[in-house]
Amino acid sequence: MDRTERWPKTAPTDHVYLSYAYLNARDYDALASLLDAGVVFRGPEGVVASGREEVIATEKRRRFVYTLDEIWSASGGMVVTGILRQPEPGCPEVDFAAIFVMSECGLIVSRRTYVSGIIPDEVGTGTGNGRIVPMEA
């Protein structure tokens with residue numbers, strides 16, 4: 001690595017990939033280690049969580065399982081596509097895209113997630129009959 005570089009160039013890609021691996025494993029302490037202190041997550045149901053503690057609490061309630069298709073690097077950020085669903089059997093799978101903004105040292109500053117294939121009021125915590133429904137605040 002060139003000593004003038006602030007962080008290895010693969011760190012943002014690795015951190016985005018690991019964020020989903022940690023969410024799937026329910027390893028919220030490991031996820032927190034990838035987040036900037038002022039992180040902001042905007043979920044597909046419209047919920048905005050700010051700061052590590054609030055983001056982690058929101059992700060615990062959300063309980064999505066992610067299958068990643070692609071990760072692209074963009075100037076100052078990353079774009080991810082894949083499928084999300086609730087962990088319970090019979091829950092629908094939903095295509096998603098997420099846009100990440102990364103810090104200079106490779107931490108996640110923000111994530112905005114978009115979904116397709118369902119109407120917005122059906123996205124959330126999966127608390128009803130195997131379908132995705134809005135999460136409670």
# chains A, B, ... in the order shown; residues from 1 in each chain; ligands from 1

call {"tool": "closest_atom_pairs", "arguments": {"of": "segment 11-42 of chain A", "to": "segment 69-82 of chain A", "cutoff": "8 Å", "atoms": "only C-alpha atoms", "output": "CSV"}}
result
residue,atom,partner,partner_atom,distance
A:Pro12,CA,A:Met78,CA,7.5
A:Thr13,CA,A:Ser73,CA,7.2
A:Val16,CA,A:Met78,CA,7.7
A:Tyr17,CA,A:Ile71,CA,7.9

call {"tool": "select_by_dssp", "arguments": {"residues": "segment 34-85 of chain A", "states": "helix (DSSP H, G or I)", "output": "MDAnalysis selection string"}}
result
chainID A and resid 52:62

call {"tool": "residues_around", "arguments": {"residues": "Ile108 of chain A", "least_positions_apart": "2", "cutoff": "6 Å", "atoms": "only C-alpha atoms", "output": "ChimeraX atom specification"}}
result
/A:35-36,102,110

call {"tool": "write_last_selection", "arguments": {"atoms": "all heavy atoms", "output": "tab-separated table (two decimals), in the first residue's frame"}}
result
chain	number	residue	atom	x	y	z
A	35	LEU	N	-19.51	1.68	11.11
A	35	LEU	CA	-20.32	2.89	10.96
A	35	LEU	C	-19.61	4.12	11.50
A	35	LEU	O	-19.04	4.10	12.59
A	35	LEU	CB	-21.64	2.72	11.71
A	35	LEU	CG	-22.49	1.50	11.34
A	35	LEU	CD1	-23.74	1.46	12.22
A	35	LEU	CD2	-22.84	1.50	9.87
A	36	ASP	N	-19.68	5.20	10.73
A	36	ASP	CA	-19.21	6.50	11.18
A	36	ASP	C	-20.08	6.94	12.37
A	36	ASP	O	-21.26	6.56	12.45
A	36	ASP	CB	-19.34	7.49	10.02
A	36	ASP	CG	-18.79	8.85	10.35
A	36	ASP	OD1	-17.55	9.00	10.31
A	36	ASP	OD2	-19.60	9.75	10.63
A	102	MET	N	-19.42	6.88	1.84
A	102	MET	CA	-18.34	6.37	2.67
A	102	MET	C	-17.44	7.51	3.13
A	102	MET	O	-17.25	8.49	2.41
A	102	MET	CB	-17.51	5.34	1.90
A	102	MET	CG	-18.32	4.23	1.24
A	102	MET	SD	-19.25	3.20	2.39
A	102	MET	CE	-17.93	2.30	3.18
A	110	SER	N	-23.56	6.97	5.30
A	110	SER	CA	-25.01	6.89	5.10
A	110	SER	C	-25.36	5.73	4.18
A	110	SER	O	-24.52	5.27	3.39
A	110	SER	CB	-25.58	8.19	4.54
A	110	SER	OG	-25.18	8.39	3.21

call {"tool": "atom_distance", "arguments": {"atom1": "atom CA of Arg52 of chain A", "atom2": "atom CA of Tyr20 of chain A"}}
result
15.5 Å

call {"tool": "residues_around", "arguments": {"residues": "Thr113 of chain A", "least_positions_apart": "3", "cutoff": "10 Å", "atoms": "only C-alpha atoms", "output": "NGL selection string"}}
result
:A and (41-46 or 79-81 or 96-100)

call {"tool": "atom_distance", "arguments": {"atom1": "atom CA of Val40 of chain A", "atom2": "atom CA of Pro92 of chain A"}}
result
26.4 Å

call {"tool": "closest_residue", "arguments": {"among": "A:Leu18, A:Leu68, A:Val55, A:Val115", "to": "Gly38 of chain A", "atoms": "only C-alpha atoms"}}
result
A:Val55

call {"tool": "closest_residue", "arguments": {"among": "A:Ala21, A:Val101, A:Ala32, A:Val39", "to": "Phe64 of chain A", "atoms": "only C-alpha atoms"}}
result
A:Ala21

call {"tool": "select_by_dssp", "arguments": {"residues": "segment 12-74 of chain A", "states": "strand (DSSP E or B)", "output": "CSV table (one decimal) with C-alpha atoms, in the first residue's frame"}}
result
chain,number,residue,atom,x,y,z
A,35,LEU,CA,-20.3,2.9,11.0
A,36,ASP,CA,-19.2,6.5,11.2
A,37,ALA,CA,-20.3,8.2,14.4
A,38,GLY,CA,-22.7,10.4,12.5
A,39,VAL,CA,-24.1,7.6,10.3
A,40,VAL,CA,-27.6,8.0,8.8
A,41,PHE,CA,-29.7,5.1,7.5
A,42,ARG,CA,-32.8,5.7,5.5
A,48,VAL,CA,-34.5,7.5,9.2
A,49,ALA,CA,-32.1,6.5,11.9
A,50,SER,CA,-29.2,8.8,12.9
A,65,VAL,CA,-32.1,-11.1,5.5
A,66,TYR,CA,-30.0,-9.9,2.5
A,67,THR,CA,-28.8,-11.7,-0.6
A,68,LEU,CA,-26.4,-9.5,-2.6
A,69,ASP,CA,-26.2,-9.5,-6.4
A,70,GLU,CA,-23.8,-6.7,-7.2
A,71,ILE,CA,-21.6,-4.1,-5.5
A,72,TRP,CA,-20.4,-1.1,-7.5
A,73,SER,CA,-17.9,1.5,-6.5
A,74,ALA,CA,-18.8,5.2,-7.2
